[in-house]
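Text of the file start_39.csv, holding CSV, C-alpha atoms and all ligand atoms:
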chain,number,residue,atom,x,y,z
A,589,MET,CA,-16.9,7.7,15.4
A,590,LYS,CA,-16.1,5.1,18.0
A,591,LYS,CA,-17.8,1.7,18.0
A,592,LYS,CA,-18.4,-0.2,21.3
A,593,LYS,CA,-16.1,-3.1,21.6
A,594,ARG,CA,-18.0,-6.4,21.5
A,595,LEU,CA,-16.4,-9.1,23.6
A,596,GLY,CA,-18.7,-12.0,22.5
A,597,LYS,CA,-17.0,-15.4,22.7
A,598,THR,CA,-14.0,-14.1,24.7
A,599,SER,CA,-16.0,-13.2,27.9
A,600,GLY,CA,-14.3,-15.9,29.9
A,601,PHE,CA,-10.8,-14.3,29.7
A,602,THR,CA,-9.1,-11.9,32.1
A,603,LYS,CA,-9.3,-8.2,31.4
A,604,GLU,CA,-5.8,-8.1,30.0
A,605,THR,CA,-6.2,-11.1,27.7
A,606,LEU,CA,-9.5,-9.6,26.5
A,607,LYS,CA,-7.7,-6.3,25.6
A,608,GLY,CA,-5.2,-8.3,23.5
A,609,VAL,CA,-7.9,-10.4,21.8
A,610,VAL,CA,-10.1,-7.3,21.0
A,611,HIS,CA,-7.1,-5.4,19.8
A,612,ARG,CA,-6.1,-8.3,17.4
A,613,GLN,CA,-9.8,-8.7,16.2
A,614,ASN,CA,-10.0,-4.9,15.6
A,615,LYS,CA,-6.7,-5.0,13.7
A,616,ALA,CA,-7.9,-7.9,11.6
A,617,LYS,CA,-11.2,-6.0,10.8
A,618,LEU,CA,-9.3,-2.9,9.9
A,619,ARG,CA,-7.0,-4.9,7.7
A,620,LYS,CA,-9.9,-6.2,5.8
A,621,LEU,CA,-11.6,-2.8,5.6
A,622,HIS,CA,-8.7,-0.7,4.4
A,623,HIS,CA,-6.5,-3.1,2.5
A,624,TYR,CA,-3.5,-1.0,3.5
A,625,LYS,CA,-3.1,0.7,0.1
A,626,MET,CA,0.2,2.3,0.9
A,627,GLU,CA,1.7,-0.9,2.2
A,628,SER,CA,0.6,-2.7,-0.9
A,629,ALA,CA,2.0,0.1,-3.1
A,630,ILE,CA,5.4,-0.1,-1.4
A,631,LYS,CA,5.4,-3.9,-1.7
A,632,THR,CA,4.7,-3.6,-5.4
A,633,VAL,CA,7.6,-1.2,-5.9
A,634,VAL,CA,9.9,-3.6,-4.1
A,635,THR,CA,8.7,-6.9,-5.7
A,636,GLN,CA,8.7,-5.4,-9.2
A,637,PHE,CA,12.3,-4.3,-8.8
A,638,LEU,CA,13.4,-7.7,-7.3
A,639,GLY,CA,11.5,-9.6,-9.9
A,640,SER,CA,13.3,-7.8,-12.7
A,641,ALA,CA,16.7,-7.6,-11.1
A,642,GLY,CA,19.5,-10.1,-11.7
A,643,LYS,CA,21.3,-12.2,-9.2
A,644,ASP,CA,23.3,-9.2,-8.1
A,645,SER,CA,20.0,-7.4,-7.2
A,646,CYS,CA,20.6,-4.8,-9.8
A,647,LEU,CA,19.0,-3.9,-13.1
A,648,ASN,CA,21.1,-4.1,-16.3
A,649,LYS,CA,20.0,-2.1,-19.3
A,650,GLY,CA,17.7,-4.7,-20.7
A,651,ASN,CA,16.0,-5.4,-17.3
A,652,PHE,CA,15.7,-1.7,-16.7
A,653,GLN,CA,14.1,-1.0,-20.1
A,654,LYS,CA,11.6,-3.9,-19.6
A,655,LEU,CA,10.6,-2.6,-16.2
A,656,VAL,CA,10.0,1.0,-17.2
A,657,GLN,CA,8.2,-0.1,-20.4
A,658,ARG,CA,5.9,-2.6,-18.6
A,659,GLN,CA,5.3,-0.8,-15.4
A,660,LEU,CA,5.9,2.9,-15.9
A,661,GLY,CA,5.0,3.5,-19.5
A,662,ASN,CA,1.9,5.7,-18.6
A,663,ILE,CA,3.7,8.2,-16.4
A,664,MET,CA,7.1,8.2,-18.1
A,665,SER,CA,7.7,9.3,-21.7
A,666,ASP,CA,10.1,7.7,-24.2
A,667,THR,CA,10.2,4.3,-22.5
A,668,ASP,CA,10.1,2.7,-26.0
A,669,SER,CA,13.2,4.6,-27.1
A,670,SER,CA,16.3,2.6,-26.4
A,671,SER,CA,18.5,5.7,-26.3
A,672,ALA,CA,16.2,7.7,-24.0
A,673,VAL,CA,16.1,4.8,-21.6
A,674,LYS,CA,19.9,4.5,-21.8
A,675,ASP,CA,20.2,8.3,-20.9
A,676,MET,CA,17.7,7.8,-18.1
A,677,MET,CA,19.7,4.9,-16.7
A,678,ARG,CA,23.0,6.9,-17.0
A,679,GLY,CA,21.3,9.6,-14.9
A,680,LEU,CA,20.3,7.2,-12.2
A,681,ASP,CA,23.6,5.2,-12.1
A,682,GLU,CA,25.3,7.2,-9.4
A,683,ASN,CA,28.3,4.8,-8.9
A,684,GLN,CA,28.6,4.4,-12.7
A,685,ASP,CA,28.8,0.6,-12.7
A,686,GLY,CA,26.4,0.4,-15.6
A,687,LYS,CA,23.6,-1.1,-13.5
A,688,VAL,CA,20.7,0.3,-11.5
A,689,SER,CA,20.8,-0.7,-7.8
A,690,PHE,CA,17.7,-0.6,-5.6
A,691,GLN,CA,18.9,2.7,-4.1
A,692,GLU,CA,19.4,4.2,-7.5
A,693,TYR,CA,15.9,2.9,-8.5
A,694,MET,CA,14.5,4.7,-5.5
A,695,THR,CA,15.7,7.9,-7.0
A,696,LEU,CA,13.5,7.3,-10.0
A,697,ILE,CA,10.5,6.3,-7.9
A,698,GLY,CA,11.0,9.5,-5.8
A,699,TYR,CA,11.3,11.6,-8.9
A,700,LEU,CA,8.1,10.1,-10.4
A,701,ALA,CA,6.2,10.5,-7.1
A,702,ASN,CA,7.3,14.1,-6.9
A,703,SER,CA,6.3,14.9,-10.4
A,704,LEU,CA,2.9,13.2,-9.8
A,705,SER,CA,2.4,15.2,-6.7
A,706,GLU,CA,3.3,18.5,-8.4
A,707,SER,CA,1.0,17.8,-11.4
A,708,LYS,CA,-1.9,16.9,-8.9
A,709,ALA,CA,-1.2,20.0,-6.8
A,710,LYS,CA,-1.3,22.5,-9.7
A,711,PRO,CA,-4.7,24.0,-10.4
A,712,GLN,CA,-5.9,23.3,-14.0
A,713,THR,CA,-6.0,26.6,-15.9
A,714,THR,CA,-8.6,26.8,-18.6
A,715,ASN,CA,-8.0,30.3,-20.0
B,1,CA,CA,24.8,1.7,-10.3

Represent the structure contained in this file as structure tokens.
Amino acid sequence: MKKKKRLGKTSGFTKETLKGVVHRQNKAKLRKLHHYKMESAIKTVVTQFLGSAGKDSCLNKGNFQKLVQRQLGNIMSDTDSSSAVKDMMRGLDENQDGKVSFQEYMTLIGYLANSLSESKAKPQTTN
């Protein structure tokens, strides 16, 4: 459904200026209405990584374990097991430098998102 644009206080402006003002007002309204859930989720993924990473922008084993325990403990299993986390980290560490870079961390996020999508897509069988 389309709502009529209300010009209100901006009625003294030229047509082109009005378009810009109305566009900005509508964008601001939309921002308040929808809260941009995906943007917010992406920001969270990035800020959680950066907040946990060291000066080299990578996660060492300790940082990696803390991050998965604190942030992904509900959708990942064995986050409390030090050896399981070590194996997980080894699997992600493509360049084998003993650390998880942002790119390598994205592999984990992609894997988790994919698993979540598959589990949501599967119909629940009760028989
Ligand atoms: Ca690495």

- Message: Using all atoms listed in the file, can you tell me which of A:Gly661, A:Gly650, A:Asp668, A:Ser645 comes closest to ligand CA 1 (chain B)?
- Response: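 Of the candidates, the smallest distance to ligand CA 1 (chain B) is held by A:Ser645.
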
- Calculate how many Å separate CA of Val673 (chain A) from CA of Arg658 (chain A), rounding to one decimal. 13.0 Å

- Message: Could you list, as a list of chain:residue names, all protein and nucleic acid residues with an atom at most 8 Å from ligand CA 1 (chain B), counting only C-alpha atoms and all ligand atoms?
- Response: A:Cys646, A:Leu680, A:Asp681, A:Glu682, A:Asn683, A:Gln684, A:Asp685, A:Gly686, A:Lys687, A:Val688, A:Ser689, A:Glu692

- Message: Ranking A:Val633, A:Leu618, A:Leu606, A:Leu700 by minimum distance to Ser665 (chain A) and counting all atoms listed in the file, which one comes first?
- Response: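 With all atoms listed in the file as the atom set, the closest residue is A:Leu700.
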
- Task: Just the residues within 8 Å of Lys649 (chain A), please, counting all atoms listed in the file, with nothing from its chain fewer than 2 positions along; format it as a ChimeraX atom specification.
- Result: /A:647,651-653,674,677,686-687

Export C-alpha atoms of the chosen residues as an mmCIF file, in the coordinates of the input?
data_model
loop_
_atom_site.group_PDB
_atom_site.id
_atom_site.type_symbol
_atom_site.label_atom_id
_atom_site.label_comp_id
_atom_site.auth_asym_id
_atom_site.auth_seq_id
_atom_site.Cartn_x
_atom_site.Cartn_y
_atom_site.Cartn_z
ATOM 1 C CA LEU A 647 19.000 -3.900 -13.100
ATOM 2 C CA ASN A 651 16.000 -5.400 -17.300
ATOM 3 C CA PHE A 652 15.700 -1.700 -16.700
ATOM 4 C CA GLN A 653 14.100 -1.000 -20.100
ATOM 5 C CA LYS A 674 19.900 4.500 -21.800
ATOM 6 C CA MET A 677 19.700 4.900 -16.700
ATOM 7 C CA GLY A 686 26.400 0.400 -15.600
ATOM 8 C CA LYS A 687 23.600 -1.100 -13.500
#

- Task: Measuring atom to atom with all atoms listed in the file, identify which of A:Val656, A:Phe637, A:Ser669, A:Lys643 is nearest to Met694 (chain A).
- Result: A:Phe637

- Task: Can you work out which one of A:Gln636, A:Glu604, A:Gly642, A:Lys625 has the shortest atom-to-atom distance to Leu655 (chain A), counting only C-alpha atoms?
- Result: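 Result for the nearest residue to Leu655 (chain A): A:Gln636.
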
- Message: Between A:Ala641, A:Asp675, A:Leu660, A:Lys708, which residue has the minimum interatomic distance to Phe690 (chain A), considering all atoms listed in the file?
- Response: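 Among the listed residues, the smallest separation from Phe690 (chain A) belongs to A:Ala641.
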
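Minimum atom-to-atom distances from A:Met676, A:Val609, A:Thr632, A:Lys710 to Thr695 (chain A) were compared using all atoms listed in the file, and the lowest value belongs to A:Met676.
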
- Point-to-point distance from CA of Asp644 (chain A) to CA of Ile663 (chain A), Å rounded to tenths: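 These atoms are spaced 27.5 Å apart.
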
- Query: Could you work out how far CA of Val610 (chain A) lies from CA of Met626 (chain A), giving the answer in Å with one decimal?
  - Reply: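 That distance, rounded to one decimal, is 24.5 Å.
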
Completed region 678-713 of chain A (N, CA and C atoms) as a PDB file, keeping the file's coordinate frame:
ATOM      1  N   ARG A 678      21.674   6.199 -17.249  1.00  0.00           N
ATOM      2  CA  ARG A 678      23.000   6.900 -17.000  1.00  0.00           C
ATOM      3  C   ARG A 678      22.770   7.914 -15.864  1.00  0.00           C
ATOM      4  N   GLY A 679      21.625   8.607 -15.939  1.00  0.00           N
ATOM      5  CA  GLY A 679      21.300   9.600 -14.900  1.00  0.00           C
ATOM      6  C   GLY A 679      21.094   9.035 -13.544  1.00  0.00           C
ATOM      7  N   LEU A 680      20.567   7.816 -13.501  1.00  0.00           N
ATOM      8  CA  LEU A 680      20.300   7.200 -12.200  1.00  0.00           C
ATOM      9  C   LEU A 680      21.510   6.473 -11.629  1.00  0.00           C
ATOM     10  N   ASP A 681      22.412   6.047 -12.521  1.00  0.00           N
ATOM     11  CA  ASP A 681      23.600   5.200 -12.100  1.00  0.00           C
ATOM     12  C   ASP A 681      24.642   6.045 -11.441  1.00  0.00           C
ATOM     13  N   GLU A 682      24.421   6.315 -10.162  1.00  0.00           N
ATOM     14  CA  GLU A 682      25.300   7.200  -9.400  1.00  0.00           C
ATOM     15  C   GLU A 682      26.752   6.664  -9.320  1.00  0.00           C
ATOM     16  N   ASN A 683      26.906   5.371  -9.059  1.00  0.00           N
ATOM     17  CA  ASN A 683      28.300   4.800  -8.900  1.00  0.00           C
ATOM     18  C   ASN A 683      28.861   4.396 -10.262  1.00  0.00           C
ATOM     19  N   GLN A 684      28.118   4.653 -11.345  1.00  0.00           N
ATOM     20  CA  GLN A 684      28.600   4.400 -12.700  1.00  0.00           C
ATOM     21  C   GLN A 684      29.107   2.995 -12.942  1.00  0.00           C
ATOM     22  N   ASP A 685      28.366   2.009 -12.432  1.00  0.00           N
ATOM     23  CA  ASP A 685      28.800   0.600 -12.700  1.00  0.00           C
ATOM     24  C   ASP A 685      27.956  -0.006 -13.828  1.00  0.00           C
ATOM     25  N   GLY A 686      27.153   0.840 -14.496  1.00  0.00           N
ATOM     26  CA  GLY A 686      26.400   0.400 -15.600  1.00  0.00           C
ATOM     27  C   GLY A 686      25.107  -0.371 -15.252  1.00  0.00           C
ATOM     28  N   LYS A 687      24.811  -0.389 -13.955  1.00  0.00           N
ATOM     29  CA  LYS A 687      23.600  -1.100 -13.500  1.00  0.00           C
ATOM     30  C   LYS A 687      22.828  -0.141 -12.535  1.00  0.00           C
ATOM     31  N   VAL A 688      21.519  -0.443 -12.382  1.00  0.00           N
ATOM     32  CA  VAL A 688      20.700   0.300 -11.500  1.00  0.00           C
ATOM     33  C   VAL A 688      20.437  -0.491 -10.207  1.00  0.00           C
ATOM     34  N   SER A 689      20.988  -0.037  -9.087  1.00  0.00           N
ATOM     35  CA  SER A 689      20.800  -0.700  -7.800  1.00  0.00           C
ATOM     36  C   SER A 689      19.401  -0.315  -7.253  1.00  0.00           C
ATOM     37  N   PHE A 690      18.995  -0.963  -6.169  1.00  0.00           N
ATOM     38  CA  PHE A 690      17.700  -0.600  -5.600  1.00  0.00           C
ATOM     39  C   PHE A 690      17.710   0.855  -5.125  1.00  0.00           C
ATOM     40  N   GLN A 691      18.815   1.286  -4.513  1.00  0.00           N
ATOM     41  CA  GLN A 691      18.900   2.700  -4.100  1.00  0.00           C
ATOM     42  C   GLN A 691      18.802   3.644  -5.220  1.00  0.00           C
ATOM     43  N   GLU A 692      19.436   3.315  -6.334  1.00  0.00           N
ATOM     44  CA  GLU A 692      19.400   4.200  -7.500  1.00  0.00           C
ATOM     45  C   GLU A 692      17.946   4.187  -8.112  1.00  0.00           C
ATOM     46  N   TYR A 693      17.305   3.038  -8.073  1.00  0.00           N
ATOM     47  CA  TYR A 693      15.900   2.900  -8.500  1.00  0.00           C
ATOM     48  C   TYR A 693      14.977   3.745  -7.677  1.00  0.00           C
ATOM     49  N   MET A 694      15.287   3.843  -6.386  1.00  0.00           N
ATOM     50  CA  MET A 694      14.500   4.700  -5.500  1.00  0.00           C
ATOM     51  C   MET A 694      14.508   6.132  -5.889  1.00  0.00           C
ATOM     52  N   THR A 695      15.618   6.563  -6.464  1.00  0.00           N
ATOM     53  CA  THR A 695      15.700   7.900  -7.000  1.00  0.00           C
ATOM     54  C   THR A 695      14.668   8.163  -8.063  1.00  0.00           C
ATOM     55  N   LEU A 696      14.530   7.165  -8.939  1.00  0.00           N
ATOM     56  CA  LEU A 696      13.500   7.300 -10.000  1.00  0.00           C
ATOM     57  C   LEU A 696      12.121   7.282  -9.425  1.00  0.00           C
ATOM     58  N   ILE A 697      11.848   6.384  -8.473  1.00  0.00           N
ATOM     59  CA  ILE A 697      10.500   6.300  -7.900  1.00  0.00           C
ATOM     60  C   ILE A 697      10.211   7.656  -7.154  1.00  0.00           C
ATOM     61  N   GLY A 698      11.199   8.200  -6.450  1.00  0.00           N
ATOM     62  CA  GLY A 698      11.000   9.500  -5.800  1.00  0.00           C
ATOM     63  C   GLY A 698      10.759  10.604  -6.750  1.00  0.00           C
ATOM     64  N   TYR A 699      11.494  10.606  -7.852  1.00  0.00           N
ATOM     65  CA  TYR A 699      11.300  11.600  -8.900  1.00  0.00           C
ATOM     66  C   TYR A 699       9.908  11.536  -9.484  1.00  0.00           C
ATOM     67  N   LEU A 700       9.467  10.317  -9.788  1.00  0.00           N
ATOM     68  CA  LEU A 700       8.100  10.100 -10.400  1.00  0.00           C
ATOM     69  C   LEU A 700       7.028  10.520  -9.388  1.00  0.00           C
ATOM     70  N   ALA A 701       7.210  10.144  -8.117  1.00  0.00           N
ATOM     71  CA  ALA A 701       6.200  10.500  -7.100  1.00  0.00           C
ATOM     72  C   ALA A 701       6.136  12.006  -6.936  1.00  0.00           C
ATOM     73  N   ASN A 702       7.284  12.664  -6.973  1.00  0.00           N
ATOM     74  CA  ASN A 702       7.300  14.100  -6.900  1.00  0.00           C
ATOM     75  C   ASN A 702       6.650  14.789  -8.050  1.00  0.00           C
ATOM     76  N   SER A 703       6.933  14.302  -9.238  1.00  0.00           N
ATOM     77  CA  SER A 703       6.300  14.900 -10.400  1.00  0.00           C
ATOM     78  C   SER A 703       4.791  14.695 -10.391  1.00  0.00           C
ATOM     79  N   LEU A 704       4.356  13.523  -9.944  1.00  0.00           N
ATOM     80  CA  LEU A 704       2.900  13.200  -9.800  1.00  0.00           C
ATOM     81  C   LEU A 704       2.260  14.172  -8.836  1.00  0.00           C
ATOM     82  N   SER A 705       2.938  14.370  -7.706  1.00  0.00           N
ATOM     83  CA  SER A 705       2.400  15.200  -6.700  1.00  0.00           C
ATOM     84  C   SER A 705       2.304  16.683  -7.158  1.00  0.00           C
ATOM     85  N   GLU A 706       3.316  17.126  -7.902  1.00  0.00           N
ATOM     86  CA  GLU A 706       3.300  18.500  -8.400  1.00  0.00           C
ATOM     87  C   GLU A 706       2.190  18.667  -9.477  1.00  0.00           C
ATOM     88  N   SER A 707       1.995  17.666 -10.331  1.00  0.00           N
ATOM     89  CA  SER A 707       1.000  17.800 -11.400  1.00  0.00           C
ATOM     90  C   SER A 707      -0.439  17.745 -10.726  1.00  0.00           C
ATOM     91  N   LYS A 708      -0.583  17.007  -9.625  1.00  0.00           N
ATOM     92  CA  LYS A 708      -1.900  16.900  -8.900  1.00  0.00           C
ATOM     93  C   LYS A 708      -2.163  18.227  -8.154  1.00  0.00           C
ATOM     94  N   ALA A 709      -1.078  18.853  -7.643  1.00  0.00           N
ATOM     95  CA  ALA A 709      -1.200  20.000  -6.800  1.00  0.00           C
ATOM     96  C   ALA A 709      -1.543  21.286  -7.636  1.00  0.00           C
ATOM     97  N   LYS A 710      -1.070  21.301  -8.892  1.00  0.00           N
ATOM     98  CA  LYS A 710      -1.300  22.500  -9.700  1.00  0.00           C
ATOM     99  C   LYS A 710      -2.759  22.592 -10.125  1.00  0.00           C
ATOM    100  N   PRO A 711      -3.343  23.780  -9.934  1.00  0.00           N
ATOM    101  CA  PRO A 711      -4.700  24.000 -10.400  1.00  0.00           C
ATOM    102  C   PRO A 711      -4.756  23.992 -11.925  1.00  0.00           C
ATOM    103  N   GLN A 712      -5.753  23.358 -12.503  1.00  0.00           N
ATOM    104  CA  GLN A 712      -5.900  23.300 -14.000  1.00  0.00           C
ATOM    105  C   GLN A 712      -6.369  24.711 -14.440  1.00  0.00           C
ATOM    106  N   THR A 713      -5.606  25.360 -15.314  1.00  0.00           N
ATOM    107  CA  THR A 713      -6.000  26.600 -15.900  1.00  0.00           C
ATOM    108  C   THR A 713      -6.709  26.399 -17.194  1.00  0.00           C
TER     109      THR A 713
END
